[in-house]
Amino acid sequence: MKHWMIPFLLTCLLWSSCKEEEVILQVPQLSLLDISPTVVTAHGDSIVIHLGYADEQGDIGFPDPDEPSLSVRDQRLSEPDWVHIPPVTPDLMELSIAGELEVVLPPLFLLGNGDEESTTFTLQLRDRAGHLSEPLVTPEIIILDTL
């Protein structure tokens with residue numbers, strides 16, 4: 001056997017024995033399951049958003065009701081509203097979780113003078129470690145004038 005083959009074979013053997021480390025996502029995952037209705041009357045209809053969530057550390061939600069977890073921004077406005085979510089794990093345990101959330105938005109209003117407007121909502125979930133999910137954008141919502 002040639003002298004250069006021994007180090008080569010040892011390197012190949014060592015390389016093949018290395019296990020790929022399991023990657024644990026630090027950020028919570030958020031997905032849109034449903035939103036309804038998508039056509040609403042101004043000052044009349046609430047919008048219900050059903051979300052799916054997953055988090056490897058289970059640190060979604062805060063015990064303090066003054067500590068919000070979910071950012072909901074109407075694309076027509078510059079600042080988001082925040083929604084409180086209570087802890088989803090017992091005794092703030094760290095364990096991999098997945099589930100569903102229901103968010104009910106209050107009736108929308110028209111910002112301009114037209115008969116209708118459209119908007120989308122951008123949602124982001126923040127865990128107790130401060131990690132934010134990727135922004136989730138809803139389908140378009142049509143807001144009709146009540147007159």
# chains A, B, ... in the order shown; residues from 1 in each chain; ligands from 1
call {"tool": "select_by_dssp", "arguments": {"residues": "region 3-130 of chain A", "states": "strand (DSSP E or B)", "output": "JSON, numbers by chain"}}
result
{"A": [29, 30, 31, 32, 33, 34, 35, 36, 39, 40, 41, 47, 48, 49, 50, 51, 52, 53, 54, 55, 60, 70, 71, 72, 73, 74, 81, 82, 83, 97, 98, 99, 100, 101, 102, 103, 104, 105, 116, 117, 118, 119, 121, 122, 123, 124, 125, 126, 127]}
call {"tool": "write_last_selection", "arguments": {"atoms": "C-alpha atoms", "output": "short mmCIF file (atom, residue, chain, number, x, y, z; two decimals), in the first residue's frame"}}
result
data_model
loop_
_atom_site.label_atom_id
_atom_site.label_comp_id
_atom_site.auth_asym_id
_atom_site.auth_seq_id
_atom_site.Cartn_x
_atom_site.Cartn_y
_atom_site.Cartn_z
CA GLN A 29 -42.30 29.32 14.31
CA LEU A 30 -45.61 30.88 13.29
CA SER A 31 -47.97 29.77 10.50
CA LEU A 32 -51.34 30.97 9.24
CA LEU A 33 -54.05 28.32 9.47
CA ASP A 34 -57.09 30.47 8.63
CA ILE A 35 -58.39 34.02 8.59
CA SER A 36 -62.03 35.03 8.29
CA VAL A 39 -64.36 41.13 3.51
CA VAL A 40 -65.62 43.16 6.47
CA THR A 41 -67.86 46.13 7.15
CA ILE A 47 -61.59 39.26 12.13
CA VAL A 48 -60.58 35.87 13.52
CA ILE A 49 -57.05 34.66 12.78
CA HIS A 50 -56.11 31.03 13.52
CA LEU A 51 -52.36 30.57 13.90
CA GLY A 52 -50.15 27.54 14.32
CA TYR A 53 -47.04 27.83 16.48
CA ALA A 54 -44.03 25.71 17.35
CA ASP A 55 -41.08 26.35 19.64
CA ILE A 60 -43.95 31.15 24.43
CA LEU A 70 -47.73 38.75 19.62
CA SER A 71 -47.23 41.77 17.38
CA VAL A 72 -50.12 42.50 14.99
CA ARG A 73 -49.56 45.36 12.56
CA ASP A 74 -52.20 46.69 10.18
CA ASP A 81 -50.70 46.43 18.37
CA TRP A 82 -49.50 43.80 20.85
CA VAL A 83 -51.46 40.85 22.21
CA ILE A 97 -44.20 22.53 21.89
CA ALA A 98 -46.61 23.03 19.00
CA GLY A 99 -50.21 24.20 19.01
CA GLU A 100 -52.76 26.69 17.78
CA LEU A 101 -53.73 30.23 18.78
CA GLU A 102 -56.87 32.16 17.96
CA VAL A 103 -56.58 35.95 17.70
CA VAL A 104 -59.74 38.06 17.41
CA LEU A 105 -59.14 41.52 15.98
CA GLU A 116 -63.51 50.72 0.62
CA GLU A 117 -59.92 50.04 1.61
CA SER A 118 -57.73 46.99 1.75
CA THR A 119 -55.06 45.95 4.20
CA PHE A 121 -51.70 42.21 8.80
CA THR A 122 -48.14 41.32 9.71
CA LEU A 123 -47.79 39.09 12.77
CA GLN A 124 -44.69 38.18 14.76
CA LEU A 125 -44.43 36.00 17.84
CA ARG A 126 -41.89 36.90 20.55
CA ASP A 127 -40.75 34.28 23.07
#
call {"tool": "closest_residue", "arguments": {"among": "A:Pro135, A:Gln26, A:Pro106, A:His84", "to": "Pro68 (chain A)", "atoms": "only C-alpha atoms"}}
result
A:His84
call {"tool": "residues_around", "arguments": {"residues": "Asp145 (chain A)", "least_positions_apart": "2", "cutoff": "10 Å", "atoms": "only C-alpha atoms", "output": "ChimeraX atom specification"}}
result
/A:40-44,109-110,113-117,143,147
call {"tool": "write_last_selection", "arguments": {"atoms": "N, CA and C atoms", "output": "PDB file, in the first residue's frame"}}
result
ATOM      1  N   VAL A  40     -64.954  42.724   5.247  1.00  0.00           N
ATOM      2  CA  VAL A  40     -65.625  43.160   6.469  1.00  0.00           C
ATOM      3  C   VAL A  40     -66.273  44.524   6.258  1.00  0.00           C
ATOM      4  N   THR A  41     -67.243  44.817   7.114  1.00  0.00           N
ATOM      5  CA  THR A  41     -67.865  46.131   7.148  1.00  0.00           C
ATOM      6  C   THR A  41     -67.153  46.957   8.212  1.00  0.00           C
ATOM      7  N   ALA A  42     -66.808  48.193   7.870  1.00  0.00           N
ATOM      8  CA  ALA A  42     -66.124  49.068   8.820  1.00  0.00           C
ATOM      9  C   ALA A  42     -66.956  49.222  10.092  1.00  0.00           C
ATOM     10  N   HIS A  43     -66.328  49.164  11.218  1.00  0.00           N
ATOM     11  CA  HIS A  43     -66.928  49.308  12.546  1.00  0.00           C
ATOM     12  C   HIS A  43     -67.926  48.206  12.877  1.00  0.00           C
ATOM     13  N   GLY A  44     -67.932  47.102  12.095  1.00  0.00           N
ATOM     14  CA  GLY A  44     -68.946  46.091  12.343  1.00  0.00           C
ATOM     15  C   GLY A  44     -68.422  44.689  12.582  1.00  0.00           C
ATOM     16  N   PHE A 109     -61.669  49.999  10.661  1.00  0.00           N
ATOM     17  CA  PHE A 109     -62.247  51.276  10.270  1.00  0.00           C
ATOM     18  C   PHE A 109     -61.565  51.735   8.989  1.00  0.00           C
ATOM     19  N   LEU A 110     -62.199  52.669   8.306  1.00  0.00           N
ATOM     20  CA  LEU A 110     -61.614  53.251   7.106  1.00  0.00           C
ATOM     21  C   LEU A 110     -60.753  54.441   7.509  1.00  0.00           C
ATOM     22  N   ASN A 113     -61.423  58.585   2.789  1.00  0.00           N
ATOM     23  CA  ASN A 113     -62.796  58.987   2.501  1.00  0.00           C
ATOM     24  C   ASN A 113     -63.488  58.081   1.490  1.00  0.00           C
ATOM     25  N   GLY A 114     -62.816  57.045   1.022  1.00  0.00           N
ATOM     26  CA  GLY A 114     -63.385  56.171  -0.001  1.00  0.00           C
ATOM     27  C   GLY A 114     -64.436  55.226   0.549  1.00  0.00           C
ATOM     28  N   ASP A 115     -65.017  54.456  -0.369  1.00  0.00           N
ATOM     29  CA  ASP A 115     -66.042  53.472  -0.003  1.00  0.00           C
ATOM     30  C   ASP A 115     -65.451  52.157   0.491  1.00  0.00           C
ATOM     31  N   GLU A 116     -64.163  51.937   0.155  1.00  0.00           N
ATOM     32  CA  GLU A 116     -63.510  50.717   0.616  1.00  0.00           C
ATOM     33  C   GLU A 116     -62.003  50.904   0.663  1.00  0.00           C
ATOM     34  N   GLU A 117     -61.378  50.086   1.497  1.00  0.00           N
ATOM     35  CA  GLU A 117     -59.919  50.042   1.608  1.00  0.00           C
ATOM     36  C   GLU A 117     -59.517  48.592   1.761  1.00  0.00           C
ATOM     37  N   ILE A 143     -62.123  46.238   3.471  1.00  0.00           N
ATOM     38  CA  ILE A 143     -62.948  46.923   4.455  1.00  0.00           C
ATOM     39  C   ILE A 143     -63.937  47.804   3.684  1.00  0.00           C
ATOM     40  N   LEU A 147     -71.968  52.907   5.099  1.00  0.00           N
ATOM     41  CA  LEU A 147     -73.085  53.692   4.535  1.00  0.00           C
ATOM     42  C   LEU A 147     -73.512  53.173   3.197  1.00  0.00           C
TER      43      LEU A 147
END
call {"tool": "atom_distance", "arguments": {"atom1": "CA of Ile141 (chain A)", "atom2": "CA of Pro86 (chain A)"}}
result
27.6 Å
call {"tool": "closest_residue", "arguments": {"among": "A:Leu108, A:Leu92, A:Leu25, A:Ile85", "to": "Thr146 (chain A)", "atoms": "only C-alpha atoms"}}
result
A:Leu108
call {"tool": "atom_distance", "arguments": {"atom1": "CA of Pro80 (chain A)", "atom2": "CA of Pro37 (chain A)"}}
result
20.6 Å
call {"tool": "atom_distance", "arguments": {"atom1": "CA of Gly130 (chain A)", "atom2": "CA of Gln75 (chain A)"}}
result
23.1 Å
